[in-house]
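Peer 1: To be precise about what I am sending: the file is called input-v3.cif and holds mmCIF, C-alpha atoms.
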data_data
#
loop_
_atom_site.label_atom_id
_atom_site.label_comp_id
_atom_site.auth_asym_id
_atom_site.auth_seq_id
_atom_site.Cartn_x
_atom_site.Cartn_y
_atom_site.Cartn_z
CA MET A 143 -30.25 13.75 3.10
CA GLY A 144 -28.96 10.62 4.80
CA LYS A 145 -26.47 9.01 7.15
CA PRO A 146 -23.85 6.33 6.59
CA LYS A 147 -24.30 2.92 8.25
CA ILE A 148 -20.94 3.10 10.07
CA ARG A 149 -19.70 6.28 11.75
CA PHE A 150 -17.13 7.39 14.26
CA LYS A 151 -18.57 8.15 17.70
CA GLY A 152 -20.00 11.60 18.25
CA TYR A 153 -21.33 12.21 14.73
CA GLU A 154 -25.06 12.11 14.13
CA ASP A 155 -25.93 14.93 11.69
CA ASP A 156 -27.33 14.15 8.26
CA TRP A 157 -24.99 14.53 5.33
CA GLU A 158 -25.73 17.02 2.55
CA GLN A 159 -25.50 16.78 -1.21
CA ARG A 160 -23.37 19.36 -3.00
CA LYS A 161 -22.21 19.98 -6.56
CA LEU A 162 -18.44 19.98 -7.00
CA SER A 163 -18.71 23.47 -8.55
CA ASP A 164 -20.03 24.67 -5.16
CA ILE A 165 -16.91 23.27 -3.50
CA TYR A 166 -14.17 24.19 -6.00
CA ALA A 167 -13.74 27.55 -7.73
CA SER A 168 -11.74 25.92 -10.52
CA ILE A 169 -12.62 22.61 -12.19
CA GLY A 170 -10.94 22.32 -15.56
CA ASN A 171 -8.50 20.52 -17.79
CA ALA A 172 -4.76 20.37 -17.41
CA PHE A 173 -2.80 20.94 -20.64
CA VAL A 174 -4.39 19.01 -23.51
CA GLY A 175 -2.35 18.63 -26.68
CA THR A 176 0.98 17.36 -27.94
CA ALA A 177 3.65 17.59 -25.27
CA THR A 178 6.22 15.15 -26.66
CA PRO A 179 8.49 17.88 -28.17
CA TYR A 180 9.09 19.11 -24.61
CA TYR A 181 9.99 15.75 -23.09
CA VAL A 182 13.47 15.52 -21.54
CA GLU A 183 15.39 12.77 -19.77
CA SER A 184 15.37 14.67 -16.50
CA GLY A 185 13.51 17.79 -15.52
CA HIS A 186 10.07 18.56 -14.13
CA PHE A 187 7.90 15.51 -13.41
CA TYR A 188 4.85 15.62 -15.67
CA LEU A 189 1.78 14.07 -14.07
CA GLU A 190 -0.25 11.93 -16.50
CA SER A 191 -3.20 9.53 -16.34
CA ASN A 192 -0.80 6.56 -16.13
CA ASN A 193 0.30 7.89 -12.74
CA ILE A 194 -3.23 7.92 -11.26
CA LYS A 195 -4.75 4.61 -10.17
CA ASP A 196 -6.93 3.45 -7.28
CA GLY A 197 -6.81 6.75 -5.45
CA GLN A 198 -3.04 7.06 -5.47
CA ILE A 199 -0.22 8.62 -7.46
CA ASN A 200 2.36 6.12 -8.65
CA HIS A 201 5.68 6.48 -10.44
CA ASN A 202 5.40 3.29 -12.50
CA SER A 203 6.11 5.46 -15.52
CA GLU A 204 7.73 8.89 -15.43
CA ILE A 205 7.71 11.67 -18.00
CA PHE A 206 9.76 14.83 -17.56
CA ILE A 207 9.37 18.19 -19.33
CA ASN A 208 11.81 21.05 -19.92
CA ASP A 209 11.87 24.37 -18.04
CA GLU A 210 10.30 26.41 -20.85
CA PHE A 211 7.20 24.21 -21.23
CA TYR A 212 6.85 23.90 -17.46
CA GLU A 213 6.86 27.69 -16.95
CA LYS A 214 4.26 28.15 -19.71
CA GLN A 215 1.83 26.12 -17.60
CA LYS A 216 2.32 28.17 -14.44
CA ASP A 217 -1.37 29.14 -14.26
CA LYS A 218 -2.25 25.42 -14.24
CA TRP A 219 0.26 24.22 -11.70
CA LEU A 220 -1.14 21.87 -9.10
CA HIS A 221 -0.63 22.53 -5.40
CA THR A 222 -0.69 20.40 -2.26
CA GLY A 223 -4.25 19.28 -1.53
CA ASP A 224 -5.55 19.84 -5.07
CA MET A 225 -7.25 16.88 -6.73
CA VAL A 226 -6.86 15.34 -10.18
CA MET A 227 -9.04 12.84 -12.02
CA VAL A 228 -8.39 10.69 -15.07
CA GLN A 229 -10.63 11.89 -17.89
CA SER A 230 -9.72 9.44 -20.65
CA GLY A 231 -9.19 5.67 -20.45
CA HIS A 232 -9.60 4.46 -16.85
CA VAL A 233 -11.88 7.41 -16.12
CA GLY A 234 -12.84 8.42 -12.61
CA HIS A 235 -9.63 7.36 -10.91
CA ALA A 236 -8.59 10.30 -8.75
CA ALA A 237 -5.76 11.32 -6.43
CA VAL A 238 -4.73 14.11 -4.07
CA ILE A 239 -1.59 16.11 -4.79
CA PRO A 240 0.90 15.46 -1.95
CA GLU A 241 3.45 17.95 -0.63
CA GLU A 242 6.31 16.54 -2.70
CA LEU A 243 4.39 17.29 -5.92
CA ASP A 244 3.50 20.88 -5.04
CA ASN A 245 3.78 23.10 -8.15
CA SER A 246 3.44 20.14 -10.54
CA ALA A 247 2.34 20.37 -14.15
CA ALA A 248 -0.11 17.81 -15.53
CA HIS A 249 -1.32 16.47 -18.85
CA ALA A 250 -4.89 15.58 -19.89
CA LEU A 251 -6.31 15.36 -16.36
CA ILE A 252 -9.30 17.10 -14.77
CA MET A 253 -8.04 19.39 -12.01
CA PHE A 254 -9.99 20.41 -8.90
CA ARG A 255 -8.40 23.56 -7.45
CA HIS A 256 -9.05 26.61 -5.26
CA PRO A 257 -11.64 25.25 -2.81
CA LYS A 258 -14.31 27.76 -1.85
CA GLU A 259 -14.63 26.24 1.62
CA LYS A 260 -12.78 23.88 3.95
CA ILE A 261 -12.77 20.51 2.29
CA GLU A 262 -10.74 17.40 3.13
CA PRO A 263 -9.53 16.20 -0.30
CA TYR A 264 -8.86 12.66 0.91
CA PHE A 265 -12.49 12.41 1.99
CA LEU A 266 -13.56 13.11 -1.60
CA ASN A 267 -10.81 10.89 -2.98
CA TYR A 268 -12.17 7.86 -1.12
CA GLN A 269 -15.78 8.77 -1.91
CA TYR A 270 -14.90 8.44 -5.61
CA GLN A 271 -13.86 4.84 -4.89
CA THR A 272 -17.31 3.81 -3.62
CA ASN A 273 -19.64 1.80 -5.85
CA LYS A 274 -22.17 4.63 -5.71
CA SER A 275 -19.74 7.22 -7.11
CA LYS A 276 -18.27 4.81 -9.66
CA LYS A 277 -21.75 4.13 -11.00
CA LYS A 278 -22.54 7.86 -11.20
CA ILE A 279 -19.27 8.54 -13.05
CA GLU A 280 -20.02 5.67 -15.43
CA GLU A 281 -23.37 7.28 -16.26
CA ILE A 282 -21.67 10.47 -17.51
CA THR A 283 -18.91 8.64 -19.36
CA THR A 284 -18.93 8.79 -23.15
CA GLY A 285 -17.10 6.86 -25.88
CA ASN A 286 -17.10 3.22 -26.94
CA THR A 287 -13.45 2.32 -27.53
CA ILE A 288 -11.87 4.91 -25.23
CA LYS A 289 -13.97 6.12 -22.29
CA HIS A 290 -14.06 9.86 -21.62
CA ILE A 291 -15.52 12.33 -19.10
CA LEU A 292 -15.74 16.10 -19.36
CA ALA A 293 -14.63 18.69 -16.82
CA SER A 294 -18.00 20.42 -17.34
CA ASP A 295 -19.82 17.23 -16.29
CA MET A 296 -17.70 16.98 -13.16
CA GLN A 297 -18.67 20.56 -12.27
CA GLU A 298 -22.26 19.31 -12.00
CA PHE A 299 -21.26 16.08 -10.24
CA VAL A 300 -22.98 15.70 -6.85
CA VAL A 301 -21.11 14.41 -3.80
CA ASP A 302 -22.22 13.65 -0.24
CA ILE A 303 -20.74 16.03 2.31
CA THR A 304 -20.46 15.96 6.11
CA ASN A 305 -18.78 18.45 8.49
CA TYR A 306 -15.04 19.08 8.03
CA ASP A 307 -14.02 17.24 11.22
CA GLU A 308 -15.79 14.01 10.19
CA GLN A 309 -14.34 14.35 6.69
CA LYS A 310 -10.83 14.45 8.19
CA LYS A 311 -11.45 11.36 10.32
CA ILE A 312 -12.81 9.37 7.38
CA GLY A 313 -10.00 10.48 5.06
CA SER A 314 -7.37 9.67 7.69
CA TYR A 315 -8.89 6.23 8.39
CA PHE A 316 -8.71 5.18 4.74
CA GLN A 317 -5.23 6.65 4.33
CA LYS A 318 -4.04 4.43 7.18
CA LEU A 319 -5.71 1.40 5.57
CA ASP A 320 -4.01 2.17 2.25
CA HIS A 321 -0.68 2.59 4.04
CA LEU A 322 -1.02 -0.87 5.62
CA ILE A 323 -2.01 -2.40 2.28
CA THR A 324 1.01 -0.79 0.60
CA LEU A 325 3.27 -1.98 3.42
CA HIS A 326 2.22 -5.61 3.01
CA GLN A 327 2.35 -5.37 -0.78
CA ARG A 328 5.90 -4.03 -0.54
CA LYS A 329 6.95 -6.74 1.93
CA CYS A 330 5.39 -9.34 -0.36
CA GLU A 331 7.28 -8.03 -3.41
CA GLU A 332 10.54 -7.72 -1.48
CA THR A 333 10.27 -11.33 -0.30
CA LYS A 334 9.45 -12.49 -3.84
CA SER A 335 12.54 -10.67 -5.12
CA LEU A 336 14.68 -12.22 -2.38
CA LYS A 337 13.39 -15.69 -3.27
CA LYS A 338 14.11 -15.15 -6.97
CA TYR A 339 17.63 -14.00 -6.15
CA MET A 340 18.30 -16.90 -3.78
CA LEU A 341 16.99 -19.45 -6.30
CA GLN A 342 19.63 -18.14 -8.71
CA LYS A 343 22.47 -18.10 -6.19
CA MET A 344 21.75 -21.23 -4.09
CA PHE A 345 21.98 -23.55 -7.10
CA PRO A 346 25.17 -23.98 -9.17
CA GLU A 347 25.25 -22.28 -12.55
CA ASN A 348 27.47 -21.95 -15.61
CA GLY A 349 29.00 -25.40 -15.33
CA ASN A 350 30.02 -24.95 -11.68
CA CYS A 351 29.53 -27.75 -9.15
CA VAL A 352 29.00 -25.43 -6.15
CA PRO A 353 26.54 -22.52 -5.69
CA LYS A 354 27.59 -18.92 -5.03
CA ILE A 355 25.62 -18.74 -1.78
CA ARG A 356 25.66 -21.58 0.78
CA PHE A 357 24.77 -22.12 4.41
CA SER A 358 27.83 -22.27 6.66
CA GLY A 359 29.31 -25.71 7.20
CA PHE A 360 28.83 -26.94 3.64
CA ALA A 361 31.79 -27.11 1.25
CA ASP A 362 31.46 -30.35 -0.75
CA ALA A 363 30.87 -30.27 -4.50
CA TRP A 364 27.37 -31.07 -5.67
CA GLU A 365 26.99 -34.32 -7.62
CA GLN A 366 25.30 -35.01 -10.95
CA ARG A 367 22.07 -36.99 -10.73
CA LYS A 368 19.58 -38.21 -13.32
CA TRP A 369 15.87 -37.65 -12.66
CA ILE A 370 14.97 -41.29 -13.28
CA ASP A 371 17.35 -42.39 -10.51
CA VAL A 372 16.09 -40.07 -7.78
CA VAL A 373 12.43 -39.24 -8.53
CA ASP A 374 9.36 -41.48 -8.47
CA ILE A 375 6.48 -40.31 -10.66
CA SER A 376 3.32 -41.66 -9.05
CA THR A 377 1.02 -44.01 -10.93
CA GLU A 378 -1.55 -44.09 -8.10
CA MET A 379 -4.68 -43.11 -10.00
CA VAL A 380 -7.93 -43.49 -8.07
CA ASN A 381 -11.65 -43.50 -8.84
CA PRO A 382 -13.17 -40.32 -7.34
CA THR A 383 -16.72 -41.69 -7.43
CA THR A 384 -16.28 -44.24 -4.62
CA GLY A 385 -17.12 -41.71 -1.87
CA GLU A 386 -13.82 -42.41 -0.10
CA TYR A 387 -12.32 -39.09 -1.30
CA ASP A 388 -15.46 -36.90 -1.18
CA ASN A 389 -14.17 -34.45 1.46
CA MET A 390 -10.66 -34.15 0.05
CA PRO A 391 -9.70 -31.08 -2.00
CA HIS A 392 -9.29 -31.48 -5.74
CA ILE A 393 -6.31 -29.30 -6.69
CA ALA A 394 -5.69 -29.07 -10.44
CA PRO A 395 -3.33 -26.71 -12.33
CA GLY A 396 -6.19 -24.18 -12.58
CA ASN A 397 -6.16 -23.88 -8.77
CA ILE A 398 -2.44 -23.02 -8.59
CA GLU A 399 -0.87 -19.57 -8.96
CA SER A 400 1.88 -19.62 -11.58
CA PHE A 401 5.50 -19.75 -10.35
CA THR A 402 4.65 -19.42 -6.64
CA GLY A 403 3.10 -22.73 -5.60
CA ARG A 404 0.30 -20.76 -3.89
CA ILE A 405 -3.08 -22.48 -3.89
CA LEU A 406 -5.85 -20.13 -5.03
CA ASP A 407 -9.13 -19.74 -3.17
CA ASN A 408 -11.14 -21.49 -5.91
CA VAL A 409 -10.49 -25.04 -4.65
CA LYS A 410 -13.49 -27.34 -4.19
CA THR A 411 -13.84 -30.80 -2.68
CA VAL A 412 -14.05 -33.94 -4.77
CA LYS A 413 -17.77 -34.17 -3.96
CA GLU A 414 -18.43 -30.53 -4.91
CA GLU A 415 -16.64 -31.03 -8.22
CA GLN A 416 -18.67 -34.20 -8.91
CA LEU A 417 -15.60 -35.79 -10.46
CA ILE A 418 -16.01 -38.93 -12.52
CA SER A 419 -12.69 -39.56 -14.30
CA GLY A 420 -9.54 -40.99 -12.69
CA LYS A 421 -7.42 -38.66 -10.55
CA PHE A 422 -3.98 -38.91 -8.95
CA ARG A 423 -3.80 -39.17 -5.17
CA PHE A 424 -1.39 -36.93 -3.24
CA ARG A 425 -0.40 -36.80 0.43
CA PRO A 426 1.36 -34.28 2.71
CA ASP A 427 4.95 -33.61 1.50
CA ASP A 428 4.22 -34.83 -2.02
CA VAL A 429 5.24 -32.48 -4.83
CA VAL A 430 2.57 -31.90 -7.48
CA TYR A 431 3.52 -30.57 -10.91
CA GLY A 432 1.29 -29.53 -13.85
CA LYS A 433 2.58 -31.28 -16.96
CA ILE A 434 0.48 -29.34 -19.50
CA ASN A 435 1.94 -25.98 -20.58
CA PRO A 436 5.04 -26.16 -18.36
CA GLN A 437 5.77 -22.53 -19.28
CA LEU A 438 2.98 -21.62 -16.83
CA GLY A 439 4.94 -22.96 -13.82
CA LYS A 440 2.12 -24.77 -12.02
CA TYR A 441 3.38 -26.72 -8.99
CA PHE A 442 2.81 -26.97 -5.24
CA TYR A 443 4.14 -28.62 -2.11
CA ALA A 444 1.30 -30.61 -0.57
CA THR A 445 0.37 -30.08 3.09
CA VAL A 446 -2.86 -32.11 3.02
CA ASN A 447 -4.36 -35.23 1.47
CA GLY A 448 -6.13 -34.70 -1.84
CA LEU A 449 -6.62 -35.53 -5.48
CA THR A 450 -5.11 -33.82 -8.49
CA SER A 451 -5.86 -33.78 -12.18
CA ALA A 452 -4.57 -36.35 -14.65
CA ASP A 453 -2.87 -33.28 -16.18
CA ALA A 454 -0.46 -33.24 -13.22
CA TYR A 455 2.30 -35.46 -11.88
CA VAL A 456 2.87 -36.42 -8.25
CA PHE A 457 6.61 -36.56 -7.47
CA ASN A 458 8.49 -38.25 -4.64
CA GLY A 459 12.23 -38.19 -4.15
CA LYS A 460 14.23 -41.39 -3.60
CA ASN A 461 17.87 -42.45 -3.24
CA GLY A 462 18.77 -39.36 -1.22
CA LEU A 463 16.63 -36.68 -2.91
CA LYS A 464 14.64 -34.73 -0.31
CA GLN A 465 11.11 -33.49 -1.03
CA LYS A 466 11.67 -29.84 -0.13
CA PHE A 467 14.75 -29.68 -2.33
CA LEU A 468 12.84 -31.35 -5.18
CA PHE A 469 10.18 -28.65 -4.90
CA ALA A 470 12.88 -25.97 -4.98
CA LEU A 471 14.47 -27.65 -8.02
CA LEU A 472 11.23 -27.26 -10.01
CA GLN A 473 11.48 -23.50 -9.47
CA THR A 474 15.00 -23.10 -10.85
CA SER A 475 15.59 -21.44 -14.22
CA ASP A 476 17.49 -24.54 -15.40
CA PHE A 477 14.51 -26.87 -14.87
CA PHE A 478 12.11 -24.30 -16.32
CA LYS A 479 14.16 -23.88 -19.50
CA TYR A 480 14.46 -27.65 -19.88
CA SER A 481 10.73 -28.30 -19.34
CA VAL A 482 9.73 -25.64 -21.87
CA SER A 483 12.29 -26.72 -24.49
CA VAL A 484 11.23 -30.40 -24.50
CA SER A 485 7.50 -29.65 -24.49
CA LYS A 486 7.46 -27.69 -27.75
CA ARG A 487 5.47 -30.00 -29.94
CA SER A 488 2.44 -29.57 -32.15
CA GLY A 489 -0.83 -29.09 -30.30
CA MET A 490 -0.76 -28.69 -26.52
CA PRO A 491 2.72 -28.25 -24.99
CA LYS A 492 3.32 -31.06 -22.49
CA ILE A 493 6.28 -32.70 -20.75
CA ASN A 494 6.04 -36.48 -20.63
CA ARG A 495 7.62 -39.03 -18.27
CA ASP A 496 10.46 -39.97 -20.64
CA GLU A 497 11.48 -36.34 -21.02
CA LEU A 498 11.46 -35.85 -17.25
CA ASN A 499 13.44 -39.07 -16.71
CA ALA A 500 16.12 -37.79 -19.09
CA TYR A 501 16.67 -34.58 -17.08
CA SER A 502 19.87 -34.38 -15.03
CA PHE A 503 20.86 -31.92 -12.33
CA LEU A 504 23.32 -31.28 -9.52
CA MET A 505 22.41 -32.39 -6.00
CA PRO A 506 24.10 -31.67 -2.62
CA SER A 507 24.09 -33.74 0.57
CA GLU A 508 20.75 -34.54 2.20
CA GLU A 509 21.46 -32.12 5.05
CA GLU A 510 22.20 -29.24 2.67
CA GLN A 511 19.10 -30.13 0.65
CA ASP A 512 17.00 -29.84 3.79
CA ARG A 513 18.46 -26.44 4.64
CA ILE A 514 17.89 -25.07 1.13
CA GLY A 515 14.39 -26.52 0.78
CA SER A 516 13.26 -25.38 4.23
CA TYR A 517 14.65 -21.88 3.72
CA LEU A 518 12.82 -21.40 0.42
CA LEU A 519 9.56 -22.78 1.87
CA GLN A 520 9.91 -20.30 4.76
CA LEU A 521 10.11 -17.50 2.18
CA ASP A 522 6.97 -18.92 0.53
CA HIS A 523 5.26 -18.85 3.92
CA LEU A 524 6.20 -15.19 4.43
CA ILE A 525 4.96 -14.28 0.94
CA THR A 526 1.64 -16.04 1.64
CA LEU A 527 1.29 -14.27 5.01
CA HIS A 528 1.78 -10.82 3.50
CA GLN A 529 -0.49 -11.67 0.56
CA HIS A 530 -3.19 -12.94 2.93
CA LYS A 531 -2.94 -9.82 5.09
CA CYS A 532 -3.13 -7.67 1.99
CA ASP A 533 -6.24 -9.50 0.76
CA GLU A 534 -7.90 -9.14 4.19
CA LEU A 535 -7.19 -5.39 4.28
CA GLN A 536 -8.52 -4.96 0.74
CA LYS A 537 -11.76 -6.69 1.76
CA LEU A 538 -12.00 -4.50 4.85
CA LYS A 539 -11.44 -1.36 2.78
CA LYS A 540 -14.10 -2.42 0.27
CA PHE A 541 -16.59 -3.07 3.07
CA MET A 542 -15.88 0.21 4.86
CA LEU A 543 -16.06 2.22 1.61
CA GLN A 544 -19.63 1.00 1.14
CA ASN A 545 -20.63 1.66 4.76
CA MET A 546 -18.81 4.85 5.83
CA PHE A 547 -20.29 6.90 2.99
CA VAL A 548 -23.97 7.64 2.36
#
What would you get if you wrote out this structure as structure tokens?

Peer 2:
Amino acid sequence: MGKPKIRFKGYEDDWEQRKLSDIYASIGNAFVGTATPYYVESGHFYLESNNIKDGQINHNSEIFINDEFYEKQKDKWLHTGDMVMVQSGHVGHAAVIPEELDNSAAHALIMFRHPKEKIEPYFLNYQYQTNKSKKKIEEITTGNTIKHILASDMQEFVVDITNYDEQKKIGSYFQKLDHLITLHQRKCEETKSLKKYMLQKMFPENGNCVPKIRFSGFADAWEQRKWIDVVDISTEMVNPTTGEYDNMPHIAPGNIESFTGRILDNVKTVKEEQLISGKFRFRPDDVVYGKINPQLGKYFYATVNGLTSADAYVFNGKNGLKQKFLFALLQTSDFFKYSVSVSKRSGMPKINRDELNAYSFLMPSEEEQDRIGSYLLQLDHLITLHQHKCDELQKLKKFMLQNMFV
């Protein structure tokens, strides 16, 4: 019938096409109907479509049912290695029942149980994630507002099958990829949470003049400063049509991820953008801040030379204010609340120079500023590393899904 483009060594046989009803003795619906009267605060975990996404079971939302309702569904309990598929909404998303969910009850899912032959469920689970299978599932999907597939249609659904040993290798390979992706996603989220916590604790709050968390060796009170006295807002607007800036990146608010300072991968050069209107020039260590819609939190710490939109400001500290600390200051809840509150005017929300110049804040010694700013930028670097690794693994998984299946 065919062979995949990429295979593990030692496998050369053609794959076969099989209906799912030839593989599973039971393909049918989990309980369909009103289950809310049986919901309890704690009890038996009730698997629903919300828990099935991208080939995995999540616990982003959890519903529990009482003993009586759970026992009534005994003939539909799911066991380790069974498969479930979302039949309404984000149809086609499937998952394998792991050991910890053995004897689970489910609601409004298609269940694949009692295999007639040796089948590696993870092999099928990843096959459903290929473009080929997604397209085939889409073809049997009904409904305009809410998409829906039938268990009877899935009985006739044709999959590509190889020998059990190759199935296991393929399933295991993608499980390992998913594990690595999850690992980097978790590290990324943990580091983001740490940064959020440290931003709250490394700056004074509630009228205090010292923060709750400090690096050792610092004990002096922070001092009040006014923005206008310690920050220069650049007026260096340049003409992008001269050719002098052609190879520099043009980084506007639309190229910046909100609240992280991460530059997105949609940046183009000045020449590619064919810019004609005046732009602000920035250099390494400058702090760039989007002045339109400050509630979106668009800012970044420059590491290269470039141009930015007239909808952004280029900041430089003076009179003892260090650049890294200034960048950290923009990310505090105090500055965010201030920027949003003063920008609430008719039309497009925007913070102007006078409003910025009126802002006041507490500032420590230059040495402590450096420590705080560098620490938070290191966390940003870690977040970016994990995010980048995650993106790379996702691309690899996508490529291998299209090439390790027929």

Peer 1: Quick one: which residues end up in the PyMOL selection byres ((chain A and resi 230-239) around 6) for this structure, as a PyMOL selection string?

Peer 2: chain A and resi 195-198+222-229+240+288-290

Peer 1: Can you write out the residues you just picked, keeping C-alpha atoms, as a CSV table (one decimal), in the frame of the given file?

Peer 2:
chain,number,residue,atom,x,y,z
A,195,LYS,CA,-4.8,4.6,-10.2
A,196,ASP,CA,-6.9,3.4,-7.3
A,197,GLY,CA,-6.8,6.8,-5.4
A,198,GLN,CA,-3.0,7.1,-5.5
A,222,THR,CA,-0.7,20.4,-2.3
A,223,GLY,CA,-4.2,19.3,-1.5
A,224,ASP,CA,-5.6,19.8,-5.1
A,225,MET,CA,-7.2,16.9,-6.7
A,226,VAL,CA,-6.9,15.3,-10.2
A,227,MET,CA,-9.0,12.8,-12.0
A,228,VAL,CA,-8.4,10.7,-15.1
A,229,GLN,CA,-10.6,11.9,-17.9
A,240,PRO,CA,0.9,15.5,-2.0
A,288,ILE,CA,-11.9,4.9,-25.2
A,289,LYS,CA,-14.0,6.1,-22.3
A,290,HIS,CA,-14.1,9.9,-21.6

Peer 1: Can you work out the spacing between atom CA of A:Asn267 and atom CA of A:Met546 in Å, to one decimal?

Peer 2: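 One can read the atom CA of A:Asn267 to atom CA of A:Met546 distance as 13.3 Å.
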
Peer 1: Smallest atom-to-atom distance to A:Glu386: which of A:Thr411, A:Glu331, A:Glu281, A:Gly432, using all atoms listed in the file?

Peer 2: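 For A:Glu386, the nearest of the given residues is A:Thr411.
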
Peer 1: Contacts between stretch 244-251 of chain A and stretch 157-201 of chain A, please, where a residue of stretch 157-201 of chain A counts if it comes within 6 Å (with only C-alpha atoms); show its shortest atom pair and distance in Å to one decimal, rows by chain and ascending number, as CSV.

Peer 2:
residue,atom,partner,partner_atom,distance
A:Asn171,CA,A:Leu251,CA,5.8
A:Ala172,CA,A:Leu251,CA,5.3
A:Phe173,CA,A:His249,CA,5.0
A:Val174,CA,A:Ala250,CA,5.0
A:Tyr188,CA,A:Ala248,CA,5.4
A:Leu189,CA,A:Ala248,CA,4.4
A:Glu190,CA,A:His249,CA,5.2

Peer 1: Written as a PyMOL selection string, what is the full residue list that the PyMOL selection byres ((chain A and resi 296) around 9) yields on the file shown?

Peer 2: chain A and resi 161-163+169-170+252+279+282+291-295+297-300

Peer 1: Which distance in Å separates atom CA of A:Phe206 and atom CA of A:Glu183, to one decimal?

Peer 2: 6.4 Å

Peer 1: List the residues matched by the PyMOL selection byres ((chain A and resi 447) around 6) in the displayed structure as a list in words, ordered by chain and then by residue number.

Peer 2: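 So the PyMOL selection byres ((chain A and resi 447) around 6) ends up selecting Phe424, Arg425, Pro426, Val446 and Gly448 of chain A.
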
Peer 1: Take the selection from the previous step and output its residues with C-alpha atoms, as a short mmCIF file (atom, residue, chain, number, x, y, z; two decimals), in the frame of the given file.

Peer 2:
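Saved the output as part-v5.cif:
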data_model
loop_
_atom_site.label_atom_id
_atom_site.label_comp_id
_atom_site.auth_asym_id
_atom_site.auth_seq_id
_atom_site.Cartn_x
_atom_site.Cartn_y
_atom_site.Cartn_z
CA PHE A 424 -1.39 -36.93 -3.24
CA ARG A 425 -0.40 -36.80 0.43
CA PRO A 426 1.36 -34.28 2.71
CA VAL A 446 -2.86 -32.11 3.02
CA GLY A 448 -6.13 -34.70 -1.84
#

Peer 1: Specify the axis-aligned box that encloses all atoms of stretch 242-246 of chain A listed in the file after padding of 6 Å on each side, stating its centre and edge lengths in Å to one decimal as lines of an AutoDock Vina configuration file.

Peer 2:
center_x = 4.9
center_y = 19.8
center_z = -6.6
size_x = 14.9
size_y = 18.6
size_z = 19.8

Peer 1: So how many Å separate atom CA of A:Thr304 and atom CA of A:Leu543, to one decimal?

Peer 2: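 Between these atoms lies a distance of 15.1 Å.
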
Peer 1: Would you pick out the contacts of A:Leu521 at 9 Å or less, using only C-alpha atoms, so that residues sharing its chain but fewer than 6 positions from it are not included, and give the list as a list in words?

Peer 2: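 Surrounding residues, per the criterion: Thr333, Lys334, Leu336 and Lys337 of chain A.
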
Peer 1: May I have the protein, DNA and RNA residues with any atom at most 12 Å from the point (6.7, 17.5, -26.3), counting all atoms listed in the file, written as a ChimeraX atom specification?

Peer 2: /A:173-183,188,205-212,249
